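Engineer: Please see the structure below; I have some questions.
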Amino acid sequence: MKKIFALIDCNNFYVSCERVFNPKLENKPVVVLSNNDGCCVARSNEVKKLGVKMGEPLFKIKDLVTKHKIEVFSSNYELYADISNRVMQTLFTFSPDVEVYSIDEAFVNLGSLSVDSYQKTGLEIRKRILDWVGVPVSVGIAPTKTLCKIANEIVKKNPEYKGVLSLTDMPEKEIDVILKKIEVSDIWGVGRQYTKKLNSYGIYTSYDFKHSNPEFIKKIMTIQGLKTQTELKGISCIPLEYEIPDKKGICSSRSFGRPLTTFTELREAVSNFVSIASEKLRSQNSKCLRITVFIQTNRFKSNEKQYSNSYTYEFQSPTSYTPDLIKAGSFALSKIFRTGYIYKKAGVFISEIQNENQVQEVLFNMDIFQYTGPKKDFLIREIDFLNGKFGNNTVTFGSNGFKKSWKPKSEKRSDRYTTCFAEILKIT
DNA sequence: TCTGGGGTCCTAGGACCC
DNA sequence: TCTGGGGTCCTAGGACCC
């Protein structure tokens, strides 16, 4: 069977999500900020035209914001996750073979569909998502995922394609003409470092890259680089992945809304991060052996004393029981906390993860942080159930605190129209 | 005043074993 | 003075992605 993939990529996704429930934002410059209202992580086309780069700190574009009346939003992940889900569900109405690649992107296997024109199918996909969900997407269709990415790039830069480009059945020569216009840095899998390296060998365009010596590419970019090159030639070697593999590590970390100095404040923050990470751990039916806690000062403040450190605690037997992890996390924090520093960020990393049905129990567990009572799994399941039904933090742990004065800034968040009754869309 | 968060894969090199 | 060969496992670091 011929391999044909489609890459569906939501345009300026977070901005588009804001526009779904606030049509006044249409055709206006809009940015969405990262956590703690720090950087621009989504920009409308109007903002991109003003020269604002991805990841640009908000404070650096303050003048532009005022001058061009840019609408600024804190990120509203609950809303974005829900809209993303709707986009993906719509894709499943075309084919069961969907790989959800990220919150705003998916690959679909079109090879199993009998269609007369891939271009037409692409346009249908685009229209259905726009009609049903309200988010504009770009569609790139090609025999390999890497070429899909290229097709998508072109679509985004050239409005005349009306959102869809299929490289299928395009003669090799015509594809080469396109590749000559795409810089190596725009190839999926070629980042900043490899761009520098390739440029230094005289390889500038995707065309140059495609026609370089494969042995040489493998040597300087490992096996992944070789795969990328092969895919550019139209030979698929990165397959669709339908099942989401279990995470091997789970991280929860945040910058603080204000600098913290005391152990008590940090311990509360860490306790919250542990709670988030262990909920994720249980949601994939896993347990972990290790927990790492890290803290750091503000690396951008060169006039402040800098410090960062981490400590890893290893349990005697795998656990996913939040209180175990909170105790171990607090202990880890106590190992690295130093007074006299101004802390900006902390986080928790859970690793050595295994499926909860395959854990190796120890006969005599002497771990001072692990509770060994019989009903712990049952209890924590009930808590997860209640939080799932009535919303996050319905049942929570005392050590997580109530005021949470360290919470990241989120001063311009829109309402959670689709996931929170109190914030449902009001027509006035 | 103000600078995000969460992942994956690959390789080289060291420790250790027989 | 001479100082094997082959294998595994683990970790740190570097690259990438969105």
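Residues in the structure tokens are named by chain (A, B, ... in the order shown) and by number from 1 within that chain; ligands are numbered from 1 in the order shown.
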Using only C-alpha atoms (C1' of nucleotides), select each residue of chain C with any atom at most 10 Å away from an atom of chain A, and give the selection as number ranges by chain.
Structural biologist: C: 14-18
Engineer: Can you pull out the residues contacting stretch 359-372 of chain A? Cut-off 12 Å, using only C-alpha atoms (C1' of nucleotides), and skip same-chain residues under 6 positions away; I want them as a PDB file with all heavy atoms, in the first residue's frame.
Structural biologist:
ATOM      1  N   ASN A 285      -1.154   4.554  35.166  1.00  0.00           N
ATOM      2  CA  ASN A 285      -1.074   3.304  35.930  1.00  0.00           C
ATOM      3  C   ASN A 285       0.356   2.868  36.218  1.00  0.00           C
ATOM      4  O   ASN A 285       0.720   1.710  36.014  1.00  0.00           O
ATOM      5  CB  ASN A 285      -1.822   2.176  35.203  1.00  0.00           C
ATOM      6  CG  ASN A 285      -3.274   2.534  34.979  1.00  0.00           C
ATOM      7  OD1 ASN A 285      -3.957   2.989  35.911  1.00  0.00           O
ATOM      8  ND2 ASN A 285      -3.746   2.381  33.771  1.00  0.00           N
ATOM      9  N   SER A 286       1.143   3.812  36.678  1.00  0.00           N
ATOM     10  CA  SER A 286       2.539   3.502  36.945  1.00  0.00           C
ATOM     11  C   SER A 286       2.923   3.835  38.376  1.00  0.00           C
ATOM     12  O   SER A 286       2.193   4.526  39.090  1.00  0.00           O
ATOM     13  CB  SER A 286       3.435   4.305  36.003  1.00  0.00           C
ATOM     14  OG  SER A 286       3.175   3.992  34.670  1.00  0.00           O
ATOM     15  N   LYS A 287       4.067   3.306  38.772  1.00  0.00           N
ATOM     16  CA  LYS A 287       4.693   3.689  40.030  1.00  0.00           C
ATOM     17  C   LYS A 287       6.138   4.056  39.746  1.00  0.00           C
ATOM     18  O   LYS A 287       6.667   3.705  38.699  1.00  0.00           O
ATOM     19  CB  LYS A 287       4.628   2.537  41.034  1.00  0.00           C
ATOM     20  CG  LYS A 287       3.190   2.190  41.432  1.00  0.00           C
ATOM     21  CD  LYS A 287       3.118   1.214  42.582  1.00  0.00           C
ATOM     22  CE  LYS A 287       1.667   1.068  43.044  1.00  0.00           C
ATOM     23  NZ  LYS A 287       1.542   0.280  44.262  1.00  0.00           N
ATOM     24  N   CYS A 288       6.751   4.751  40.685  1.00  0.00           N
ATOM     25  CA  CYS A 288       8.125   5.176  40.425  1.00  0.00           C
ATOM     26  C   CYS A 288       9.027   4.810  41.595  1.00  0.00           C
ATOM     27  O   CYS A 288       8.577   4.574  42.709  1.00  0.00           O
ATOM     28  CB  CYS A 288       8.181   6.682  40.211  1.00  0.00           C
ATOM     29  SG  CYS A 288       7.935   7.608  41.732  1.00  0.00           S
ATOM     30  N   LEU A 289      10.322   4.761  41.321  1.00  0.00           N
ATOM     31  CA  LEU A 289      11.300   4.468  42.372  1.00  0.00           C
ATOM     32  C   LEU A 289      12.038   5.715  42.832  1.00  0.00           C
ATOM     33  O   LEU A 289      12.566   5.767  43.926  1.00  0.00           O
ATOM     34  CB  LEU A 289      12.322   3.456  41.851  1.00  0.00           C
ATOM     35  CG  LEU A 289      12.047   1.987  42.137  1.00  0.00           C
ATOM     36  CD1 LEU A 289      13.126   1.123  41.512  1.00  0.00           C
ATOM     37  CD2 LEU A 289      11.966   1.717  43.645  1.00  0.00           C
ATOM     38  N   TYR A 313      15.982  11.133  45.698  1.00  0.00           N
ATOM     39  CA  TYR A 313      15.704  10.116  46.710  1.00  0.00           C
ATOM     40  C   TYR A 313      15.202   8.858  46.018  1.00  0.00           C
ATOM     41  O   TYR A 313      14.386   8.930  45.096  1.00  0.00           O
ATOM     42  CB  TYR A 313      14.640  10.617  47.702  1.00  0.00           C
ATOM     43  CG  TYR A 313      14.344   9.607  48.791  1.00  0.00           C
ATOM     44  CD1 TYR A 313      15.191   9.487  49.891  1.00  0.00           C
ATOM     45  CD2 TYR A 313      13.246   8.745  48.695  1.00  0.00           C
ATOM     46  CE1 TYR A 313      14.950   8.542  50.871  1.00  0.00           C
ATOM     47  CE2 TYR A 313      12.992   7.793  49.677  1.00  0.00           C
ATOM     48  CZ  TYR A 313      13.848   7.703  50.761  1.00  0.00           C
ATOM     49  OH  TYR A 313      13.616   6.760  51.734  1.00  0.00           O
ATOM     50  N   GLU A 314      15.704   7.715  46.448  1.00  0.00           N
ATOM     51  CA  GLU A 314      15.273   6.456  45.846  1.00  0.00           C
ATOM     52  C   GLU A 314      14.508   5.630  46.869  1.00  0.00           C
ATOM     53  O   GLU A 314      15.021   5.345  47.957  1.00  0.00           O
ATOM     54  CB  GLU A 314      16.486   5.685  45.316  1.00  0.00           C
ATOM     55  CG  GLU A 314      16.071   4.438  44.558  1.00  0.00           C
ATOM     56  CD  GLU A 314      17.066   4.048  43.470  1.00  0.00           C
ATOM     57  OE1 GLU A 314      17.896   4.897  43.066  1.00  0.00           O
ATOM     58  OE2 GLU A 314      17.006   2.888  43.036  1.00  0.00           O
ATOM     59  N   PHE A 315      13.284   5.251  46.534  1.00  0.00           N
ATOM     60  CA  PHE A 315      12.450   4.451  47.436  1.00  0.00           C
ATOM     61  C   PHE A 315      12.902   2.997  47.432  1.00  0.00           C
ATOM     62  O   PHE A 315      13.520   2.519  46.490  1.00  0.00           O
ATOM     63  CB  PHE A 315      10.985   4.504  46.994  1.00  0.00           C
ATOM     64  CG  PHE A 315      10.322   5.833  47.187  1.00  0.00           C
ATOM     65  CD1 PHE A 315      10.167   6.697  46.109  1.00  0.00           C
ATOM     66  CD2 PHE A 315       9.844   6.230  48.428  1.00  0.00           C
ATOM     67  CE1 PHE A 315       9.555   7.933  46.270  1.00  0.00           C
ATOM     68  CE2 PHE A 315       9.231   7.467  48.599  1.00  0.00           C
ATOM     69  CZ  PHE A 315       9.086   8.315  47.526  1.00  0.00           C
ATOM     70  N   GLN A 316      12.524   2.288  48.477  1.00  0.00           N
ATOM     71  CA  GLN A 316      12.869   0.864  48.521  1.00  0.00           C
ATOM     72  C   GLN A 316      11.953   0.032  47.632  1.00  0.00           C
ATOM     73  O   GLN A 316      12.346  -1.003  47.097  1.00  0.00           O
ATOM     74  CB  GLN A 316      12.828   0.358  49.969  1.00  0.00           C
ATOM     75  CG  GLN A 316      13.970   0.931  50.779  1.00  0.00           C
ATOM     76  CD  GLN A 316      14.139   0.265  52.133  1.00  0.00           C
ATOM     77  OE1 GLN A 316      13.482  -0.717  52.452  1.00  0.00           O
ATOM     78  NE2 GLN A 316      15.030   0.824  52.930  1.00  0.00           N
ATOM     79  N   SER A 317      10.714   0.489  47.492  1.00  0.00           N
ATOM     80  CA  SER A 317       9.840  -0.185  46.528  1.00  0.00           C
ATOM     81  C   SER A 317       9.019   0.885  45.803  1.00  0.00           C
ATOM     82  O   SER A 317       8.792   1.970  46.339  1.00  0.00           O
ATOM     83  CB  SER A 317       8.942  -1.209  47.228  1.00  0.00           C
ATOM     84  OG  SER A 317       7.833  -0.582  47.793  1.00  0.00           O
ATOM     85  N   PRO A 318       8.577   0.574  44.582  1.00  0.00           N
ATOM     86  CA  PRO A 318       7.915   1.587  43.761  1.00  0.00           C
ATOM     87  C   PRO A 318       6.637   2.119  44.413  1.00  0.00           C
ATOM     88  O   PRO A 318       5.915   1.361  45.061  1.00  0.00           O
ATOM     89  CB  PRO A 318       7.575   0.833  42.478  1.00  0.00           C
ATOM     90  CG  PRO A 318       8.466  -0.347  42.463  1.00  0.00           C
ATOM     91  CD  PRO A 318       8.709  -0.714  43.886  1.00  0.00           C
ATOM     92  N   THR A 319       6.374   3.378  44.229  1.00  0.00           N
ATOM     93  CA  THR A 319       5.187   3.986  44.823  1.00  0.00           C
ATOM     94  C   THR A 319       4.576   5.015  43.889  1.00  0.00           C
ATOM     95  O   THR A 319       5.258   5.562  43.014  1.00  0.00           O
ATOM     96  CB  THR A 319       5.536   4.672  46.160  1.00  0.00           C
ATOM     97  OG1 THR A 319       4.340   5.228  46.717  1.00  0.00           O
ATOM     98  CG2 THR A 319       6.555   5.792  45.977  1.00  0.00           C
ATOM     99  N   SER A 320       3.277   5.244  44.080  1.00  0.00           N
ATOM    100  CA  SER A 320       2.616   6.354  43.383  1.00  0.00           C
ATOM    101  C   SER A 320       1.724   7.074  44.397  1.00  0.00           C
ATOM    102  O   SER A 320       0.856   7.856  44.038  1.00  0.00           O
ATOM    103  CB  SER A 320       1.775   5.840  42.221  1.00  0.00           C
ATOM    104  OG  SER A 320       0.764   4.979  42.692  1.00  0.00           O
ATOM    105  N   TYR A 321       1.962   6.775  45.655  1.00  0.00           N
ATOM    106  CA  TYR A 321       1.135   7.298  46.748  1.00  0.00           C
ATOM    107  C   TYR A 321       1.628   8.703  47.097  1.00  0.00           C
ATOM    108  O   TYR A 321       2.760   8.878  47.571  1.00  0.00           O
ATOM    109  CB  TYR A 321       1.270   6.348  47.935  1.00  0.00           C
ATOM    110  CG  TYR A 321       0.366   6.629  49.104  1.00  0.00           C
ATOM    111  CD1 TYR A 321      -1.026   6.647  48.942  1.00  0.00           C
ATOM    112  CD2 TYR A 321       0.886   6.839  50.373  1.00  0.00           C
ATOM    113  CE1 TYR A 321      -1.859   6.879  50.028  1.00  0.00           C
ATOM    114  CE2 TYR A 321       0.060   7.064  51.470  1.00  0.00           C
ATOM    115  CZ  TYR A 321      -1.314   7.094  51.283  1.00  0.00           C
ATOM    116  OH  TYR A 321      -2.138   7.316  52.352  1.00  0.00           O
ATOM    117  N   THR A 322       0.782   9.682  46.845  1.00  0.00           N
ATOM    118  CA  THR A 322       1.212  11.081  46.991  1.00  0.00           C
ATOM    119  C   THR A 322       1.880  11.393  48.334  1.00  0.00           C
ATOM    120  O   THR A 322       2.940  12.027  48.348  1.00  0.00           O
ATOM    121  CB  THR A 322       0.030  12.033  46.709  1.00  0.00           C
ATOM    122  OG1 THR A 322      -0.496  11.736  45.417  1.00  0.00           O
ATOM    123  CG2 THR A 322       0.465  13.480  46.741  1.00  0.00           C
ATOM    124  N   PRO A 323       1.306  10.951  49.469  1.00  0.00           N
ATOM    125  CA  PRO A 323       1.968  11.275  50.738  1.00  0.00           C
ATOM    126  C   PRO A 323       3.402  10.737  50.831  1.00  0.00           C
ATOM    127  O   PRO A 323       4.286  11.424  51.369  1.00  0.00           O
ATOM    128  CB  PRO A 323       1.068  10.612  51.782  1.00  0.00           C
ATOM    129  CG  PRO A 323      -0.279  10.585  51.149  1.00  0.00           C
ATOM    130  CD  PRO A 323      -0.021  10.338  49.690  1.00  0.00           C
ATOM    131  N   ASP A 324       3.663   9.543  50.314  1.00  0.00           N
ATOM    132  CA  ASP A 324       5.043   9.014  50.281  1.00  0.00           C
ATOM    133  C   ASP A 324       5.945   9.997  49.547  1.00  0.00           C
ATOM    134  O   ASP A 324       7.042  10.340  49.997  1.00  0.00           O
ATOM    135  CB  ASP A 324       5.112   7.687  49.498  1.00  0.00           C
ATOM    136  CG  ASP A 324       4.433   6.536  50.217  1.00  0.00           C
ATOM    137  OD1 ASP A 324       3.993   6.725  51.371  1.00  0.00           O
ATOM    138  OD2 ASP A 324       4.334   5.448  49.608  1.00  0.00           O
ATOM    139  N   LEU A 325       5.438  10.428  48.378  1.00  0.00           N
ATOM    140  CA  LEU A 325       6.252  11.275  47.518  1.00  0.00           C
ATOM    141  C   LEU A 325       6.435  12.668  48.105  1.00  0.00           C
ATOM    142  O   LEU A 325       7.492  13.281  47.947  1.00  0.00           O
ATOM    143  CB  LEU A 325       5.614  11.338  46.121  1.00  0.00           C
ATOM    144  CG  LEU A 325       5.787  10.028  45.344  1.00  0.00           C
ATOM    145  CD1 LEU A 325       4.614   9.744  44.420  1.00  0.00           C
ATOM    146  CD2 LEU A 325       7.081  10.056  44.529  1.00  0.00           C
ATOM    147  N   ILE A 326       5.411  13.147  48.786  1.00  0.00           N
ATOM    148  CA  ILE A 326       5.539  14.476  49.418  1.00  0.00           C
ATOM    149  C   ILE A 326       6.597  14.421  50.520  1.00  0.00           C
ATOM    150  O   ILE A 326       7.450  15.309  50.628  1.00  0.00           O
ATOM    151  CB  ILE A 326       4.183  14.953  49.986  1.00  0.00           C
ATOM    152  CG1 ILE A 326       3.224  15.324  48.852  1.00  0.00           C
ATOM    153  CG2 ILE A 326       4.379  16.165  50.909  1.00  0.00           C
ATOM    154  CD1 ILE A 326       1.828  15.747  49.292  1.00  0.00           C
ATOM    155  N   LYS A 327       6.562  13.348  51.322  1.00  0.00           N
ATOM    156  CA  LYS A 327       7.552  13.231  52.416  1.00  0.00           C
ATOM    157  C   LYS A 327       8.965  13.153  51.851  1.00  0.00           C
ATOM    158  O   LYS A 327       9.873  13.854  52.319  1.00  0.00           O
ATOM    159  CB  LYS A 327       7.260  11.984  53.260  1.00  0.00           C
ATOM    160  CG  LYS A 327       6.121  12.179  54.253  1.00  0.00           C
ATOM    161  CD  LYS A 327       5.915  10.914  55.064  1.00  0.00           C
ATOM    162  CE  LYS A 327       4.437  10.558  55.112  1.00  0.00           C
ATOM    163  NZ  LYS A 327       4.198   9.171  55.515  1.00  0.00           N
ATOM    164  N   ALA A 328       9.132  12.313  50.842  1.00  0.00           N
ATOM    165  CA  ALA A 328      10.463  12.179  50.249  1.00  0.00           C
ATOM    166  C   ALA A 328      10.897  13.482  49.581  1.00  0.00           C
ATOM    167  O   ALA A 328      12.068  13.870  49.644  1.00  0.00           O
ATOM    168  CB  ALA A 328      10.472  11.037  49.236  1.00  0.00           C
ATOM    169  N   GLY A 329       9.927  14.159  48.961  1.00  0.00           N
ATOM    170  CA  GLY A 329      10.214  15.431  48.294  1.00  0.00           C
ATOM    171  C   GLY A 329      10.663  16.493  49.291  1.00  0.00           C
ATOM    172  O   GLY A 329      11.622  17.232  49.039  1.00  0.00           O
ATOM    173  N   SER A 330       9.984  16.552  50.438  1.00  0.00           N
ATOM    174  CA  SER A 330      10.363  17.533  51.467  1.00  0.00           C
ATOM    175  C   SER A 330      11.752  17.224  51.998  1.00  0.00           C
ATOM    176  O   SER A 330      12.552  18.130  52.254  1.00  0.00           O
ATOM    177  CB  SER A 330       9.361  17.494  52.622  1.00  0.00           C
ATOM    178  OG  SER A 330       8.087  17.810  52.143  1.00  0.00           O
ATOM    179  N   PHE A 331      12.023  15.926  52.156  1.00  0.00           N
ATOM    180  CA  PHE A 331      13.351  15.519  52.621  1.00  0.00           C
ATOM    181  C   PHE A 331      14.415  15.957  51.615  1.00  0.00           C
ATOM    182  O   PHE A 331      15.443  16.542  51.984  1.00  0.00           O
ATOM    183  CB  PHE A 331      13.384  14.003  52.816  1.00  0.00           C
ATOM    184  CG  PHE A 331      14.754  13.455  53.092  1.00  0.00           C
ATOM    185  CD1 PHE A 331      15.353  13.653  54.333  1.00  0.00           C
ATOM    186  CD2 PHE A 331      15.442  12.751  52.120  1.00  0.00           C
ATOM    187  CE1 PHE A 331      16.621  13.154  54.585  1.00  0.00           C
ATOM    188  CE2 PHE A 331      16.702  12.250  52.368  1.00  0.00           C
ATOM    189  CZ  PHE A 331      17.302  12.454  53.602  1.00  0.00           C
ATOM    190  N   ALA A 332      14.139  15.692  50.340  1.00  0.00           N
ATOM    191  CA  ALA A 332      15.097  16.075  49.292  1.00  0.00           C
ATOM    192  C   ALA A 332      15.333  17.579  49.315  1.00  0.00           C
ATOM    193  O   ALA A 332      16.474  18.044  49.216  1.00  0.00           O
ATOM    194  CB  ALA A 332      14.572  15.628  47.922  1.00  0.00           C
ATOM    195  N   GLU A 352      12.482   6.338  36.970  1.00  0.00           N
ATOM    196  CA  GLU A 352      12.473   4.889  37.255  1.00  0.00           C
ATOM    197  C   GLU A 352      11.024   4.419  37.360  1.00  0.00           C
ATOM    198  O   GLU A 352      10.608   3.850  38.363  1.00  0.00           O
ATOM    199  CB  GLU A 352      13.212   4.579  38.554  1.00  0.00           C
ATOM    200  CG  GLU A 352      14.683   4.925  38.525  1.00  0.00           C
ATOM    201  CD  GLU A 352      15.503   3.919  37.746  1.00  0.00           C
ATOM    202  OE1 GLU A 352      15.752   2.809  38.270  1.00  0.00           O
ATOM    203  OE2 GLU A 352      15.872   4.220  36.599  1.00  0.00           O
ATOM    204  N   ILE A 353      10.293   4.712  36.289  1.00  0.00           N
ATOM    205  CA  ILE A 353       8.858   4.445  36.289  1.00  0.00           C
ATOM    206  C   ILE A 353       8.576   3.042  35.787  1.00  0.00           C
ATOM    207  O   ILE A 353       9.199   2.570  34.843  1.00  0.00           O
ATOM    208  CB  ILE A 353       8.149   5.494  35.403  1.00  0.00           C
ATOM    209  CG1 ILE A 353       8.200   6.857  36.096  1.00  0.00           C
ATOM    210  CG2 ILE A 353       6.722   5.100  35.105  1.00  0.00           C
ATOM    211  CD1 ILE A 353       7.675   8.002  35.275  1.00  0.00           C
TER     212      ILE A 353
END
Engineer: Compile the contact shell of A:Glu215 as a ChimeraX atom specification: residues with an atom at most 12 Å away, counting only C-alpha atoms (C1' of nucleotides), same-chain residues fewer than 3 positions apart removed.
Structural biologist: /A:211-212,218-223,225-227,229-230
Engineer: Between A:Asp176, A:Asp82, A:Asp37, A:Glu279, which is the closest to B:DT3 once you count only C-alpha atoms (C1' of nucleotides)?
Structural biologist: A:Asp37
Engineer: For C:DA12, find every residue with an atom within 12 Å (counting only C-alpha atoms (C1' of nucleotides)), except residues of its own chain fewer than 3 positions away, and show them as a ChimeraX atom specification.
Structural biologist: /B:11-14
Engineer: Quick one: residues within 7 Å of A:Ala6, only C-alpha atoms (C1' of nucleotides), excluding same-chain residues fewer than 3 positions away - as a compact mmCIF listing (two decimals) with N, CA, C and O atoms, in the first residue's frame?
Structural biologist:
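The new file part26.txt reads:
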# COMPACT_ATOMS: atom_id res chain seq x y z
N PHE A 107 -0.77 13.77 12.78
CA PHE A 107 -0.56 13.11 11.50
C PHE A 107 -1.72 12.14 11.27
O PHE A 107 -2.18 11.48 12.20
N VAL A 108 -2.18 12.07 10.03
CA VAL A 108 -3.23 11.13 9.70
C VAL A 108 -2.75 10.27 8.54
O VAL A 108 -2.13 10.79 7.60
N ASN A 109 -2.99 8.99 8.62
CA ASN A 109 -2.65 8.09 7.53
C ASN A 109 -3.77 8.12 6.50
O ASN A 109 -4.88 7.68 6.76
N LEU A 110 -3.47 8.68 5.34
CA LEU A 110 -4.49 8.74 4.29
C LEU A 110 -4.35 7.56 3.33
O LEU A 110 -5.17 7.37 2.45
N VAL A 139 -2.78 22.14 6.20
CA VAL A 139 -2.65 20.71 5.93
C VAL A 139 -1.53 20.48 4.92
O VAL A 139 -1.53 21.09 3.85
N GLY A 140 -0.59 19.62 5.28
CA GLY A 140 0.48 19.23 4.35
C GLY A 140 0.37 17.74 4.09
O GLY A 140 0.30 16.96 5.03
N ILE A 141 0.36 17.35 2.82
CA ILE A 141 0.18 15.94 2.48
C ILE A 141 1.38 15.47 1.65
O ILE A 141 1.82 16.15 0.73
N ALA A 142 1.92 14.29 2.03
CA ALA A 142 3.14 13.81 1.38
C ALA A 142 3.38 12.34 1.73
O ALA A 142 2.74 11.81 2.63
N CYS A 148 5.75 16.11 4.85
CA CYS A 148 4.51 16.76 5.30
C CYS A 148 4.82 18.07 6.00
O CYS A 148 4.13 19.08 5.83
Engineer: Per DSSP on the backbone, what are the alpha helix (DSSP H) residues of stretch 212-250 of chain A, as a list of chain:residue names?
Structural biologist: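 Filtering stretch 212-250 of chain A to alpha helix (DSSP H) leaves A:Pro214, A:Glu215, A:Phe216, A:Ile217, A:Lys218, A:Lys219, A:Ile220, A:Met221, A:Thr222, A:Ile223, A:Gln224, A:Gly225, A:Leu226, A:Lys227, A:Thr228, A:Gln229, A:Thr230, A:Glu231, A:Leu232.
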Engineer: Please report the interatomic distance between atom CA of A:Asp246 and atom CA of A:Asp97 in Å with one decimal.
Structural biologist: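 Straight-line distance from atom CA of A:Asp246 to atom CA of A:Asp97 works out to 19.3 Å.
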